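Listing of work-v8.pdb, PDB, C-alpha atoms
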MODEL        1
ATOM      1  CA  MET G   1     136.365 102.143 150.785
ATOM      2  CA  GLU G   2     137.893  99.717 148.272
ATOM      3  CA  LEU G   3     135.694  99.518 145.176
ATOM      4  CA  LEU G   4     137.735  97.632 142.584
ATOM      5  CA  GLU G   5     140.308  94.870 142.966
ATOM      6  CA  ILE G   6     142.400  93.628 140.055
ATOM      7  CA  ASP G   7     144.096  90.445 141.212
ATOM      8  CA  SER G   8     146.954  88.774 139.286
ATOM      9  CA  ILE G   9     145.480  89.343 135.824
ATOM     10  CA  HIS G  10     147.224  87.457 133.039
ATOM     11  CA  HIS G  11     145.971  87.357 129.463
ATOM     12  CA  THR G  12     147.256  85.592 126.368
ATOM     13  CA  TYR G  13     145.803  85.858 122.867
ATOM     14  CA  PHE G  14     145.898  82.610 120.905
ATOM     15  CA  THR G  15     145.830  82.127 117.142
ATOM     16  CA  PRO G  16     146.284  78.891 115.181
ATOM     17  CA  ASP G  17     149.971  79.763 114.745
ATOM     18  CA  SER G  18     150.984  81.735 117.838
ATOM     19  CA  ALA G  19     150.356  82.816 121.413
ATOM     20  CA  THR G  20     150.877  86.432 122.450
ATOM     21  CA  THR G  21     150.857  87.429 126.104
ATOM     22  CA  ALA G  22     149.279  90.876 126.423
ATOM     23  CA  LEU G  23     149.139  91.198 130.232
ATOM     24  CA  GLU G  24     151.132  89.557 132.989
ATOM     25  CA  ASP G  25     150.523  89.645 136.743
ATOM     26  CA  ILE G  26     148.526  92.892 136.901
ATOM     27  CA  SER G  27     147.337  93.634 140.440
ATOM     28  CA  LEU G  28     145.801  96.881 141.674
ATOM     29  CA  THR G  29     143.143  98.132 144.071
ATOM     30  CA  VAL G  30     141.095 101.287 143.500
ATOM     31  CA  THR G  31     139.167 103.077 146.228
ATOM     32  CA  GLU G  32     135.744 104.667 145.827
ATOM     33  CA  GLY G  33     135.928 108.161 144.318
ATOM     34  CA  GLU G  34     139.466 107.671 142.993
ATOM     35  CA  PHE G  35     140.577 108.566 139.469
ATOM     36  CA  VAL G  36     143.310 106.291 138.083
ATOM     37  CA  SER G  37     144.961 106.542 134.655
ATOM     38  CA  PHE G  38     146.883 103.940 132.676
ATOM     39  CA  LEU G  39     149.859 105.064 130.576
ATOM     40  CA  GLY G  40     152.382 103.054 128.627
ATOM     41  CA  PRO G  41     153.949 102.319 125.238
ATOM     42  CA  SER G  42     151.820 101.082 122.354
ATOM     43  CA  GLY G  43     151.121  97.399 122.819
ATOM     44  CA  CYS G  44     151.244  97.449 126.611
ATOM     45  CA  GLY G  45     147.687  96.110 126.911
ATOM     46  CA  LYS G  46     145.885  99.164 128.304
ATOM     47  CA  THR G  47     142.688  98.641 126.324
ATOM     48  CA  THR G  48     142.827  94.868 126.884
ATOM     49  CA  LEU G  49     142.932  95.512 130.631
ATOM     50  CA  LEU G  50     140.009  97.935 130.439
ATOM     51  CA  SER G  51     137.996  95.387 128.444
ATOM     52  CA  ILE G  52     138.657  92.714 131.076
ATOM     53  CA  ILE G  53     137.594  95.094 133.854
ATOM     54  CA  ALA G  54     134.423  95.836 131.869
ATOM     55  CA  GLY G  55     133.684  92.116 131.727
ATOM     56  CA  LEU G  56     133.787  92.030 127.917
ATOM     57  CA  PHE G  57     135.907  88.890 128.075
ATOM     58  CA  GLN G  58     137.569  86.668 130.642
ATOM     59  CA  PRO G  59     141.297  86.926 131.401
ATOM     60  CA  SER G  60     143.441  83.818 130.960
ATOM     61  CA  SER G  61     143.927  83.859 134.727
ATOM     62  CA  GLY G  62     143.314  86.139 137.690
ATOM     63  CA  ARG G  63     140.130  87.925 138.650
ATOM     64  CA  VAL G  64     138.491  91.340 138.900
ATOM     65  CA  THR G  65     135.974  92.153 141.627
ATOM     66  CA  ILE G  66     133.757  95.151 142.366
ATOM     67  CA  GLU G  67     132.773  95.596 145.991
ATOM     68  CA  GLY G  68     134.041  92.083 146.618
ATOM     69  CA  GLU G  69     131.891  90.422 143.963
ATOM     70  CA  SER G  70     132.737  89.146 140.490
ATOM     71  CA  ILE G  71     132.384  91.320 137.395
ATOM     72  CA  GLU G  72     129.775  88.915 136.011
ATOM     73  CA  LYS G  73     127.428  89.894 138.838
ATOM     74  CA  ASN G  74     128.268  93.595 138.627
ATOM     75  CA  LYS G  75     128.312  94.639 134.971
ATOM     76  CA  HIS G  76     125.407  96.974 135.726
ATOM     77  CA  LYS G  77     127.748  98.933 138.025
ATOM     78  CA  ILE G  78     130.125  99.780 135.148
ATOM     79  CA  GLY G  79     129.865 102.594 132.606
ATOM     80  CA  TYR G  80     132.068 102.616 129.501
ATOM     81  CA  MET G  81     132.926 105.747 127.497
ATOM     82  CA  LEU G  82     134.936 105.349 124.266
ATOM     83  CA  GLN G  83     136.750 107.536 121.732
ATOM     84  CA  GLN G  84     133.621 107.672 119.585
ATOM     85  CA  ASP G  85     130.297 108.689 121.070
ATOM     86  CA  TYR G  86     128.289 105.944 119.284
ATOM     87  CA  LEU G  87     125.100 107.997 119.373
ATOM     88  CA  PHE G  88     122.453 106.525 117.081
ATOM     89  CA  PRO G  89     121.901 109.062 114.252
ATOM     90  CA  TRP G  90     118.240 108.064 113.772
ATOM     91  CA  LYS G  91     117.409 108.897 117.401
ATOM     92  CA  ASN G  92     117.374 112.353 118.967
ATOM     93  CA  ILE G  93     119.609 113.219 121.921
ATOM     94  CA  GLU G  94     116.924 112.524 124.531
ATOM     95  CA  GLU G  95     116.284 109.085 123.070
ATOM     96  CA  ASN G  96     120.026 108.382 122.950
ATOM     97  CA  ILE G  97     120.742 109.296 126.561
ATOM     98  CA  LEU G  98     117.764 107.263 127.822
ATOM     99  CA  LEU G  99     118.496 104.225 125.655
ATOM    100  CA  GLY G 100     120.578 102.368 128.253
ATOM    101  CA  LEU G 101     117.936 102.831 130.941
ATOM    102  CA  LYS G 102     115.213 101.701 128.547
ATOM    103  CA  THR G 103     117.181  98.640 127.405
ATOM    104  CA  MET G 104     117.786  97.592 131.014
ATOM    105  CA  ASN G 105     114.136  98.201 131.995
ATOM    106  CA  ARG G 106     115.205 100.871 134.471
ATOM    107  CA  LEU G 107     113.604 103.900 132.831
ATOM    108  CA  THR G 108     111.292 105.748 135.224
ATOM    109  CA  ALA G 109     109.898 109.280 135.173
ATOM    110  CA  GLU G 110     112.315 110.204 137.951
ATOM    111  CA  LYS G 111     115.381 108.842 136.137
ATOM    112  CA  LYS G 112     114.300 110.518 132.899
ATOM    113  CA  ALA G 113     113.945 113.887 134.665
ATOM    114  CA  TRP G 114     117.361 113.430 136.306
ATOM    115  CA  ALA G 115     119.072 112.632 132.994
ATOM    116  CA  LEU G 116     117.466 115.558 131.171
ATOM    117  CA  ASN G 117     118.428 117.882 134.025
ATOM    118  CA  LEU G 118     122.031 116.653 133.825
ATOM    119  CA  LEU G 119     121.950 117.326 130.089
ATOM    120  CA  ASP G 120     121.138 120.964 130.892
ATOM    121  CA  GLU G 121     123.754 121.171 133.665
ATOM    122  CA  ILE G 122     126.460 119.840 131.369
ATOM    123  CA  GLY G 123     125.880 122.656 128.878
ATOM    124  CA  LEU G 124     123.451 120.997 126.449
ATOM    125  CA  GLU G 125     120.307 122.914 127.318
ATOM    126  CA  GLY G 126     117.782 122.877 124.506
ATOM    127  CA  VAL G 127     119.322 120.057 122.444
ATOM    128  CA  ALA G 128     117.225 117.114 123.716
ATOM    129  CA  LYS G 129     115.081 116.992 120.566
ATOM    130  CA  GLN G 130     117.970 117.560 118.159
ATOM    131  CA  SER G 131     119.671 114.760 116.228
ATOM    132  CA  PRO G 132     123.356 113.906 116.843
ATOM    133  CA  ASN G 133     124.411 115.266 113.449
ATOM    134  CA  GLN G 134     123.266 118.737 114.560
ATOM    135  CA  LEU G 135     125.872 118.762 117.359
ATOM    136  CA  SER G 136     129.627 119.343 117.395
ATOM    137  CA  GLY G 137     132.026 116.568 118.399
ATOM    138  CA  GLY G 138     132.432 118.011 121.868
ATOM    139  CA  MET G 139     128.675 118.297 122.380
ATOM    140  CA  ARG G 140     128.199 114.704 121.246
ATOM    141  CA  GLN G 141     130.782 113.504 123.785
ATOM    142  CA  ARG G 142     128.936 115.427 126.502
ATOM    143  CA  ALA G 143     125.737 113.660 125.497
ATOM    144  CA  ALA G 144     127.586 110.324 125.613
ATOM    145  CA  LEU G 145     128.752 111.174 129.151
ATOM    146  CA  VAL G 146     125.158 111.880 130.233
ATOM    147  CA  ARG G 147     124.034 108.586 128.673
ATOM    148  CA  THR G 148     126.715 106.783 130.699
ATOM    149  CA  LEU G 149     126.000 108.594 133.977
ATOM    150  CA  ALA G 150     122.245 108.067 133.575
ATOM    151  CA  LEU G 151     122.844 104.405 134.410
ATOM    152  CA  GLU G 152     124.391 105.539 137.722
ATOM    153  CA  PRO G 153     127.497 103.351 137.404
ATOM    154  CA  LYS G 154     129.770 102.815 140.385
ATOM    155  CA  LEU G 155     132.801 102.640 138.075
ATOM    156  CA  LEU G 156     133.402 104.647 134.915
ATOM    157  CA  LEU G 157     135.822 103.330 132.285
ATOM    158  CA  LEU G 158     137.202 105.956 129.906
ATOM    159  CA  ASP G 159     139.056 104.715 126.817
ATOM    160  CA  GLU G 160     140.704 107.816 125.303
ATOM    161  CA  PRO G 161     137.368 109.667 125.234
ATOM    162  CA  PHE G 162     138.880 113.009 124.168
ATOM    163  CA  SER G 163     141.452 111.862 121.590
ATOM    164  CA  ALA G 164     139.292 112.604 118.532
ATOM    165  CA  LEU G 165     138.552 116.203 119.608
ATOM    166  CA  ASP G 166     140.381 119.429 118.814
ATOM    167  CA  TYR G 167     142.705 120.597 121.573
ATOM    168  CA  GLN G 168     140.560 123.457 122.907
ATOM    169  CA  THR G 169     137.450 121.253 123.114
ATOM    170  CA  LYS G 170     139.513 118.498 124.718
ATOM    171  CA  LEU G 171     140.703 120.828 127.498
ATOM    172  CA  LYS G 172     137.167 122.049 128.168
ATOM    173  CA  LEU G 173     135.824 118.498 128.329
ATOM    174  CA  GLU G 174     138.610 117.412 130.682
ATOM    175  CA  ASP G 175     137.445 120.063 133.144
ATOM    176  CA  LEU G 176     133.786 119.175 132.639
ATOM    177  CA  VAL G 177     134.262 115.429 133.107
ATOM    178  CA  PHE G 178     136.585 115.949 136.080
ATOM    179  CA  GLN G 179     134.130 118.251 137.877
ATOM    180  CA  THR G 180     131.112 116.076 137.027
ATOM    181  CA  LEU G 181     132.750 112.893 138.347
ATOM    182  CA  LYS G 182     133.953 114.636 141.500
ATOM    183  CA  SER G 183     130.510 116.062 142.196
ATOM    184  CA  PHE G 184     128.993 112.551 142.025
ATOM    185  CA  ASN G 185     131.996 110.935 143.792
ATOM    186  CA  LYS G 186     132.440 108.555 140.855
ATOM    187  CA  THR G 187     135.367 106.166 140.536
ATOM    188  CA  ALA G 188     137.055 106.301 137.132
ATOM    189  CA  LEU G 189     139.754 104.527 135.146
ATOM    190  CA  LEU G 190     141.238 106.343 132.152
ATOM    191  CA  VAL G 191     143.288 104.855 129.310
ATOM    192  CA  THR G 192     145.263 107.557 127.514
ATOM    193  CA  HIS G 193     148.447 108.254 125.563
ATOM    194  CA  ASP G 194     148.465 111.845 126.806
ATOM    195  CA  ILE G 195     150.808 112.345 129.789
ATOM    196  CA  GLY G 196     149.390 115.797 130.498
ATOM    197  CA  GLU G 197     145.826 114.529 130.521
ATOM    198  CA  ALA G 198     146.726 111.755 132.946
ATOM    199  CA  ILE G 199     148.471 114.151 135.337
ATOM    200  CA  ALA G 200     145.756 116.807 135.181
ATOM    201  CA  MET G 201     142.848 114.424 135.821
ATOM    202  CA  SER G 202     144.206 111.651 138.032
ATOM    203  CA  ASP G 203     144.919 110.792 141.639
ATOM    204  CA  ARG G 204     147.274 108.015 140.543
ATOM    205  CA  ILE G 205     148.908 107.026 137.252
ATOM    206  CA  VAL G 206     149.822 103.410 136.516
ATOM    207  CA  LEU G 207     152.730 103.058 134.083
ATOM    208  CA  LEU G 208     152.647  99.782 132.166
ATOM    209  CA  SER G 209     155.608  98.172 130.441
ATOM    210  CA  ALA G 210     155.009  96.559 127.057
ATOM    211  CA  LYS G 211     154.936  93.017 125.676
ATOM    212  CA  PRO G 212     153.670  91.773 128.009
ATOM    213  CA  GLY G 213     152.009  94.578 129.941
ATOM    214  CA  ARG G 214     153.146  94.701 133.562
ATOM    215  CA  VAL G 215     152.848  97.351 136.256
ATOM    216  CA  HIS G 216     156.149  99.192 135.960
ATOM    217  CA  LYS G 217     155.450 101.997 138.406
ATOM    218  CA  VAL G 218     152.564 103.748 140.158
ATOM    219  CA  VAL G 219     152.863 107.546 140.278
ATOM    220  CA  HIS G 220     150.930 109.449 142.931
ATOM    221  CA  VAL G 221     149.928 112.848 141.546
ATOM    222  CA  PRO G 222     150.895 115.650 143.972
ATOM    223  CA  LYS G 223     148.077 116.837 146.207
ATOM    224  CA  GLU G 224     148.359 120.423 144.986
ATOM    225  CA  LEU G 225     147.498 119.243 141.455
ATOM    226  CA  ARG G 226     144.692 116.905 142.534
ATOM    227  CA  GLU G 227     142.886 119.825 144.164
ATOM    228  CA  LEU G 228     142.758 121.808 140.895
ATOM    229  CA  VAL G 229     140.614 121.385 137.801
ATOM    230  CA  PRO G 230     142.696 120.002 134.901
ATOM    231  CA  PHE G 231     143.148 123.314 133.067
ATOM    232  CA  HIS G 232     144.612 125.012 136.140
ATOM    233  CA  ALA G 233     146.617 121.922 137.101
ATOM    234  CA  ARG G 234     148.437 122.183 133.766
ATOM    235  CA  ASN G 235     149.614 125.686 134.736
ATOM    236  CA  HIS G 236     150.930 124.751 138.194
ATOM    237  CA  GLU G 237     154.705 124.498 138.719
ATOM    238  CA  ALA G 238     154.361 120.944 140.092
ATOM    239  CA  TYR G 239     152.810 119.827 136.808
ATOM    240  CA  SER G 240     156.042 120.295 134.840
ATOM    241  CA  VAL G 241     158.080 118.370 137.395
ATOM    242  CA  CYS G 242     155.604 115.479 137.331
ATOM    243  CA  PHE G 243     155.456 115.554 133.519
ATOM    244  CA  GLN G 244     159.228 115.330 133.149
ATOM    245  CA  GLY G 245     159.451 112.434 135.584
ATOM    246  CA  ILE G 246     156.798 110.409 133.750
ATOM    247  CA  TRP G 247     158.283 111.304 130.365
ATOM    248  CA  LYS G 248     161.644 109.848 131.418
ATOM    249  CA  GLU G 249     159.997 106.673 132.715
ATOM    250  CA  LEU G 250     158.119 106.211 129.422
ATOM    251  CA  GLU G 251     161.297 106.842 127.428
ATOM    252  CA  THR G 252     162.936 104.050 129.390
ATOM    253  CA  LEU G 253     160.011 101.743 128.683
ATOM    254  CA  GLU G 254     160.022 102.583 124.966
ATOM    255  CA  SER G 255     163.733 101.864 124.663
ATOM    256  CA  ALA G 256     163.234  98.529 126.404
ATOM    257  CA  LYS G 257     160.624  97.312 123.869
TER     258      LYS G 257
ENDMDL
END
Just give me the structure of the file as structure tokens.
Amino acid sequence: MELLEIDSIHHTYFTPDSATTALEDISLTVTEGEFVSFLGPSGCGKTTLLSIIAGLFQPSSGRVTIEGESIEKNKHKIGYMLQQDYLFPWKNIEENILLGLKTMNRLTAEKKAWALNLLDEIGLEGVAKQSPNQLSGGMRQRAALVRTLALEPKLLLLDEPFSALDYQTKLKLEDLVFQTLKSFNKTALLVTHDIGEAIAMSDRIVLLSAKPGRVHKVVHVPKELRELVPFHARNHEAYSVCFQGIWKELETLESAK
């Protein structure tokens, strides 16, 4: 079932002295349970597009709908996970992961129990009463994921959520996030600069050209990779072939800037 429709998105930033077009004629549909990544040169508008999808600001033209309705009516269906975890240091982990539910007046005993159980399942058993500064970067990002999933979003937006982590932790979290989203049949959009991450986690990869950002090409990740967790996908022979193909496309886009 089609969950998200991005229809002819165009966005221009205006200043007193200039106008810069960041996105031009971006159209895409995403089905429920699909994982789609956005790759492209610096300045191609990936984060701008994610912000528009999140409803943080209106595009200059075009529209985004979730389940056929406008973003304005469906912001509660969207979860956003960023590079930084943004856990409040003066609150413990339990308070942090329940904050969104409490703010939106959706906190019930059942939802609290579900969130705390997910905290245990995701490898953070026994940390609910600890403060964020007692946890490693990877553990904090896990807590941030639980906080996001506690709101039961239909669509998860991931803006380079692993980029600040060391490589080993990053690989472990890729697997964890991938398996968690698959188990809940969540739809996700990932912005990343990491070709390998995009291939290992995605069903499709959208390559954007720069200045302004346009859809250059949509790459369908081979089925044999989509059926594997990211760590094992990186070791499959099809991974290298896919990586080289995307690398060449990005080289072409970089040279065209």
* To do: For the structure provided, state which residues fall under the PyMOL selection byres ((chain G and resi 126-133) around 7), and present them as a list of chain:residue names.
  => G:Leu87, G:Pro89, G:Lys91, G:Asn92, G:Ile93, G:Glu94, G:Leu124, G:Glu125, G:Gln134, G:Leu135, G:Arg140
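Between Phe184 of chain G and the candidates G:Gly196, G:Pro16, G:Gly33, G:Pro212, the tightest atom-to-atom separation, counting all atoms listed in the file, involves G:Gly33.
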* **Interatomic distance (Å, one decimal) between atom CA of Glu197 of chain G and atom CA of Pro153 of chain G** => 22.5 Å
Each side padded by 5 Å, which centre and which edge lengths in Å (one decimal) define the axis-aligned box around the listed atoms of segment 106-111 of chain G? Give them as JSON.
{"center_x": 112.6, "center_y": 105.5, "center_z": 135.4, "size_x": 15.5, "size_y": 19.3, "size_z": 15.1}
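When atom CA of Asp7 of chain G is paired with atom CA of Val221 of chain G, their separation reads 23.2 Å.
If you look at atom CA of Leu158 of chain G and atom CA of Glu251 of chain G, they are 24.2 Å away from each other.
Distance check against Val177 of chain G using only C-alpha atoms: of G:Leu116, G:Met104, G:Leu190, G:Ala164, the minimum falls on G:Leu190.
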* Could you pull the residues within 8 Å of Ile246 of chain G, counting all atoms listed in the file, minus those fewer than 4 positions along the same chain, as a PyMOL selection string? -> chain G and resi 195+242+250
Please produce a file of the residues just selected, as a PDB file, in the coordinates of the input, where the atoms kept are C-alpha atoms.
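Done, and the output landed in again31.pdb:
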ATOM      1  CA  ILE G 195     150.808 112.345 129.789  1.00  0.00           C
ATOM      2  CA  CYS G 242     155.604 115.479 137.331  1.00  0.00           C
ATOM      3  CA  LEU G 250     158.119 106.211 129.422  1.00  0.00           C
TER       4      LEU G 250
END
